[in-house]
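Chemist: I am attaching a structure below and will ask some questions about it afterwards.
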There are 2 protein chains.
Amino acid sequence: VLGGMGPVATAKFFQRLVELTPAKTEAEHLRIFVDNNVDIPPRGPFFFKGGANPVPGIVAAINQLSAIGADFVTLPCNSVHVFYDEVSPQIAIPWLSMLDAVSQDLRALGLAAPIVLGARVTVAMRLYSRLLPRCVSLPEPIYQHVYEAIDLITANQRVPESVIKPIVQGISNHRHLTDGILLACTELSACADDLGKLGLPVLDSTEIYARQTVKCALETSSTEPVIPSRERKQEAVD
Amino acid sequence: VLGGMGPVATAKFFQRLVELTPAKTEAEHLRIFVDNNVDIPPRGPFFFKGGANPVPGIVAAINQLSAIGADFVTLPCNSVHVFYDEVSPQIAIPWLSMLDAVSQDLRALGLAAPIVLGARVTVAMRLYSRLLPRCVSLPEPIYQHVYEAIDLITANQRVPESVIKPIVQGISNHRHLTDGILLACTELSACADDLGKLGLPVLDSTEIYARQTVKCALETSSTEPVIPSRERKQEAVD
């Protein structure tokens, strides 16, 4: 797990990996390496303010995880997947794509047009539009409240009613266009309960990705790796 | 963090490290490496059944964490501290002792005679008796229920009333000897609520160790490491 983007999401993701593993004893659990790497430059400032490029740090960290024994890598952060195509050829192990995992899961549930709640990069780059062409973006003023919620969660703070309420209202105004709410920022899991009150299915990208990661790890440990980089990349392009 | 002993405790410990870090932004959080290393041979079978020695695996894993950049190591597992003196001279970074951290915290709270609830090794080797000479051991039949609870938690299962009740009763029968309940197995945090009903202070070794780890990490990142192995070992012997 290359984590730290952000740390709260990484902790939640790691906890879910452990809880979702069908193990009766310690030895039946998965060996998991986590790099809670908060030194990777933030994705938003790189795109929007000319900040440092996160790619070299991501490549170095993944190759370090590979060197100590990781078979494949997961990055529990939707935004960072904007670098998937650039990073993949530079790393020694496959990167299990969160965008692929989540999109496949949604399609399997018969959901095609979720409202995407994400961080700045995920929203601005429309990261889910390629795989879920009918997914719904909200007007920018509503996303400002979403970004505010994400920043509060990263700072270990509660999201107050004054931030949640306009998000809920904004979703409610667009519910005729949508069939679900996709929490496409791993930090947003903390808001799942409030958003669940709208009566739309709430799909948590962290939870879906954790399930796929455990599945992949169990398959990898029993046979050969199931997600060779090259094939994976081609699938994403199709 | 050299974890995996067990995985549920490691996930809880990592989560608490993130939550306890006074950070407002991602970059202010701690870089944390976790090896959820379930390949280390179990501590109990080594002592009680002549199983494989965990020491070489512990040494290798800590030195690998050091090689990728860790400044010091924590092992959120009370039992594994039985190897502290043997492992310390073989590792490149200091090991922050959980037994020291917990004992110091209890003494600071004015508690000297806690009932120690732990796993087989912690109980049989009386790991806390050196640092807290007045700590209280329960009769073995009660510990059998404690071990059962730990095994259930490791298997991601709920601890039923039939297991909790005799533990609560056993503690109640010894409360004239004690001033608190020390959860000296990281998996036992899951039982804290039930044990809290006895009216004795419940001290959670995972929580205390997490607080000390964050403190140590913040001091280490601002100055030089604060727990050189040699000094630390001497303090433990004093």
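Here's how to read the names in the structure tokens: chain A, B, ... by the order shown, residue numbers from 1 in each chain, ligand numbers from 1 in the order shown.
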Would you give me, as a list in words, the residues of chain A that come within 7 Å of chain B, using only C-alpha atoms?

Modeler: Gly6, Pro7, Val8, Ala11, Phe14, Gln15, Val18, Glu19, Ala23, Lys24, Thr25, Glu26, Ala27, His29, Leu30, Arg31, Ile32, Phe33, Val34, Asp35, Asn36, Asn37, Val38, Asp39, Thr154, Ala155 and Asn156 of chain A

Chemist: Name the residues of range 5-234 of chain B that come out as strand (DSSP E or B) in a backbone DSSP run; write them as a PDB file with N, CA, C and O atoms, in the first residue's frame.

Modeler:
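Okay, states_7.pdb is ready:
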```
ATOM      1  N   ILE B  32       5.112   6.984   7.915  1.00  0.00           N
ATOM      2  CA  ILE B  32       5.111   5.756   8.712  1.00  0.00           C
ATOM      3  C   ILE B  32       5.245   4.568   7.775  1.00  0.00           C
ATOM      4  O   ILE B  32       4.498   4.464   6.795  1.00  0.00           O
ATOM      5  N   PHE B  33       6.189   3.703   8.057  1.00  0.00           N
ATOM      6  CA  PHE B  33       6.286   2.437   7.334  1.00  0.00           C
ATOM      7  C   PHE B  33       5.686   1.341   8.210  1.00  0.00           C
ATOM      8  O   PHE B  33       6.012   1.249   9.396  1.00  0.00           O
ATOM      9  N   VAL B  34       4.841   0.526   7.627  1.00  0.00           N
ATOM     10  CA  VAL B  34       4.273  -0.612   8.359  1.00  0.00           C
ATOM     11  C   VAL B  34       4.628  -1.890   7.619  1.00  0.00           C
ATOM     12  O   VAL B  34       4.462  -1.981   6.402  1.00  0.00           O
ATOM     13  N   ASP B  35       5.150  -2.857   8.348  1.00  0.00           N
ATOM     14  CA  ASP B  35       5.282  -4.211   7.808  1.00  0.00           C
ATOM     15  C   ASP B  35       4.336  -5.091   8.621  1.00  0.00           C
ATOM     16  O   ASP B  35       4.639  -5.436   9.762  1.00  0.00           O
ATOM     17  N   ASN B  36       3.182  -5.389   8.022  1.00  0.00           N
ATOM     18  CA  ASN B  36       2.223  -6.278   8.694  1.00  0.00           C
ATOM     19  C   ASN B  36       2.733  -7.700   8.470  1.00  0.00           C
ATOM     20  O   ASN B  36       2.262  -8.435   7.610  1.00  0.00           O
ATOM     21  N   VAL B  73      11.812   1.915  15.594  1.00  0.00           N
ATOM     22  CA  VAL B  73      10.770   0.929  15.319  1.00  0.00           C
ATOM     23  C   VAL B  73       9.898   0.719  16.548  1.00  0.00           C
ATOM     24  O   VAL B  73      10.369   0.810  17.691  1.00  0.00           O
ATOM     25  N   TRP B  95      14.575   0.374  19.141  1.00  0.00           N
ATOM     26  CA  TRP B  95      13.238  -0.200  19.321  1.00  0.00           C
ATOM     27  C   TRP B  95      12.618   0.507  20.529  1.00  0.00           C
ATOM     28  O   TRP B  95      13.143   0.376  21.645  1.00  0.00           O
ATOM     29  N   PRO B 114      -1.727  -2.981  38.690  1.00  0.00           N
ATOM     30  CA  PRO B 114      -2.798  -3.351  37.769  1.00  0.00           C
ATOM     31  C   PRO B 114      -2.896  -4.860  37.606  1.00  0.00           C
ATOM     32  O   PRO B 114      -1.906  -5.582  37.765  1.00  0.00           O
ATOM     33  N   ILE B 115      -4.105  -5.330  37.323  1.00  0.00           N
ATOM     34  CA  ILE B 115      -4.283  -6.708  36.846  1.00  0.00           C
ATOM     35  C   ILE B 115      -3.824  -6.742  35.396  1.00  0.00           C
ATOM     36  O   ILE B 115      -4.253  -5.912  34.584  1.00  0.00           O
ATOM     37  N   VAL B 116      -2.934  -7.665  35.073  1.00  0.00           N
ATOM     38  CA  VAL B 116      -2.390  -7.744  33.714  1.00  0.00           C
ATOM     39  C   VAL B 116      -3.180  -8.779  32.920  1.00  0.00           C
ATOM     40  O   VAL B 116      -3.164  -9.977  33.235  1.00  0.00           O
ATOM     41  N   LEU B 117      -3.902  -8.303  31.895  1.00  0.00           N
ATOM     42  CA  LEU B 117      -4.578  -9.218  30.977  1.00  0.00           C
ATOM     43  C   LEU B 117      -3.745  -9.303  29.706  1.00  0.00           C
ATOM     44  O   LEU B 117      -3.613  -8.317  28.980  1.00  0.00           O
ATOM     45  N   VAL B 136      -0.632  -7.529  39.214  1.00  0.00           N
ATOM     46  CA  VAL B 136      -1.384  -8.689  39.703  1.00  0.00           C
ATOM     47  C   VAL B 136      -1.644  -9.695  38.573  1.00  0.00           C
ATOM     48  O   VAL B 136      -2.114  -9.320  37.496  1.00  0.00           O
ATOM     49  N   GLY B 180      -6.240  -1.180  38.900  1.00  0.00           N
ATOM     50  CA  GLY B 180      -6.570  -0.939  37.492  1.00  0.00           C
ATOM     51  C   GLY B 180      -6.494  -2.224  36.684  1.00  0.00           C
ATOM     52  O   GLY B 180      -6.071  -3.269  37.188  1.00  0.00           O
ATOM     53  N   ILE B 181      -6.943  -2.130  35.427  1.00  0.00           N
ATOM     54  CA  ILE B 181      -6.888  -3.276  34.516  1.00  0.00           C
ATOM     55  C   ILE B 181      -5.987  -2.875  33.352  1.00  0.00           C
ATOM     56  O   ILE B 181      -6.282  -1.909  32.645  1.00  0.00           O
ATOM     57  N   LEU B 182      -4.900  -3.610  33.161  1.00  0.00           N
ATOM     58  CA  LEU B 182      -3.997  -3.310  32.059  1.00  0.00           C
ATOM     59  C   LEU B 182      -4.273  -4.279  30.910  1.00  0.00           C
ATOM     60  O   LEU B 182      -4.091  -5.495  31.058  1.00  0.00           O
ATOM     61  N   LEU B 183      -4.734  -3.742  29.795  1.00  0.00           N
ATOM     62  CA  LEU B 183      -4.920  -4.562  28.596  1.00  0.00           C
ATOM     63  C   LEU B 183      -3.550  -4.735  27.950  1.00  0.00           C
ATOM     64  O   LEU B 183      -3.113  -3.927  27.133  1.00  0.00           O
ATOM     65  N   VAL B 202      -9.320   1.309  33.092  1.00  0.00           N
ATOM     66  CA  VAL B 202      -8.848   0.351  32.080  1.00  0.00           C
ATOM     67  C   VAL B 202      -7.749   1.027  31.272  1.00  0.00           C
ATOM     68  O   VAL B 202      -7.977   2.056  30.633  1.00  0.00           O
ATOM     69  N   LEU B 203      -6.545   0.488  31.356  1.00  0.00           N
ATOM     70  CA  LEU B 203      -5.399   1.068  30.661  1.00  0.00           C
ATOM     71  C   LEU B 203      -5.094   0.208  29.444  1.00  0.00           C
ATOM     72  O   LEU B 203      -4.819  -0.981  29.572  1.00  0.00           O
ATOM     73  N   ASP B 204      -5.168   0.852  28.274  1.00  0.00           N
ATOM     74  CA  ASP B 204      -5.003   0.116  27.028  1.00  0.00           C
ATOM     75  C   ASP B 204      -3.569   0.291  26.528  1.00  0.00           C
ATOM     76  O   ASP B 204      -3.158   1.390  26.159  1.00  0.00           O
TER      77      ASP B 204
END
```

Chemist: So which bits of range 75-120 of chain A end up alpha helix (DSSP H) when you DSSP the backbone, as an NGL selection string?

Modeler: :A and (84-87 or 98-108 or 120)

Chemist: Let me make sure I understand: among B:Ala184, B:Gly69, B:Ala192, B:Arg43, which one has the smallest atom-to-atom distance to Tyr128 in chain B if we use only C-alpha atoms?

Modeler: B:Ala184

Chemist: Tell me, as number ranges by chain, which residues lie within 10 Å of range 96-104 of chain B, counting only C-alpha atoms; anything in the same chain fewer than 4 positions away does not count.

Modeler: B: 72-82, 84, 108-112, 127-132, 182, 184, 203-213, 216, 226-229, 232-233, 235-236

Chemist: Enter the distance from CA of Val123 in chain A to CA of Gly196 in chain A, in Å, rounded to one decimal.

Modeler: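 Distance between the two atoms: 20.9 Å.
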
Chemist: Compile the contact shell of Ile91 in chain A as a PyMOL selection string: residues with an atom at most 7 Å away, counting only C-alpha atoms, same-chain residues fewer than 5 positions apart removed.

Modeler: chain A and resi 59+62-63

Chemist: Using all heavy atoms, can you export the residues from the last selection as a PDB file, in the first residue's frame?

Modeler:
```pdb
ATOM      1  N   VAL A  59       7.029   6.864  -8.077  1.00  0.00           N
ATOM      2  CA  VAL A  59       7.804   5.784  -8.702  1.00  0.00           C
ATOM      3  C   VAL A  59       8.821   5.223  -7.704  1.00  0.00           C
ATOM      4  O   VAL A  59       8.925   3.996  -7.516  1.00  0.00           O
ATOM      5  CB  VAL A  59       8.517   6.296  -9.981  1.00  0.00           C
ATOM      6  CG1 VAL A  59       9.530   5.283 -10.485  1.00  0.00           C
ATOM      7  CG2 VAL A  59       7.488   6.630 -11.064  1.00  0.00           C
ATOM      8  N   ILE A  62       7.070   3.169  -4.887  1.00  0.00           N
ATOM      9  CA  ILE A  62       6.548   1.868  -5.335  1.00  0.00           C
ATOM     10  C   ILE A  62       7.698   0.899  -5.564  1.00  0.00           C
ATOM     11  O   ILE A  62       7.632  -0.270  -5.162  1.00  0.00           O
ATOM     12  CB  ILE A  62       5.695   2.027  -6.618  1.00  0.00           C
ATOM     13  CG1 ILE A  62       4.421   2.821  -6.317  1.00  0.00           C
ATOM     14  CG2 ILE A  62       5.344   0.644  -7.198  1.00  0.00           C
ATOM     15  CD1 ILE A  62       3.567   3.141  -7.540  1.00  0.00           C
ATOM     16  N   ASN A  63       8.766   1.380  -6.174  1.00  0.00           N
ATOM     17  CA  ASN A  63       9.889   0.468  -6.417  1.00  0.00           C
ATOM     18  C   ASN A  63      10.556   0.037  -5.111  1.00  0.00           C
ATOM     19  O   ASN A  63      11.075  -1.075  -5.011  1.00  0.00           O
ATOM     20  CB  ASN A  63      10.879   1.101  -7.404  1.00  0.00           C
ATOM     21  CG  ASN A  63      10.343   1.047  -8.831  1.00  0.00           C
ATOM     22  OD1 ASN A  63       9.562   0.138  -9.181  1.00  0.00           O
ATOM     23  ND2 ASN A  63      10.731   2.003  -9.657  1.00  0.00           N
TER      24      ASN A  63
END
```

Chemist: Neighbours of Gly170 in chain B within 10 Å (only C-alpha atoms; same-chain residues fewer than 2 positions away dropped), as JSON, numbers by chain?

Modeler: {"B": [138, 139, 141, 142, 143, 165, 166, 167, 168, 172, 173, 174, 175]}

Chemist: What is the distance between CA of Ile150 in chain A and CA of Ser88 in chain A, in Å to one decimal?

Modeler: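 Straight-line distance from CA of Ile150 in chain A to CA of Ser88 in chain A works out to 27.1 Å.
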
Chemist: Excluding Gly44 in chain A and its own-chain neighbours fewer than 3 positions away, which residues fall within 8 Å of it when counting only C-alpha atoms? Please give them as a ChimeraX atom specification.

Modeler: /A:47-49,120-121
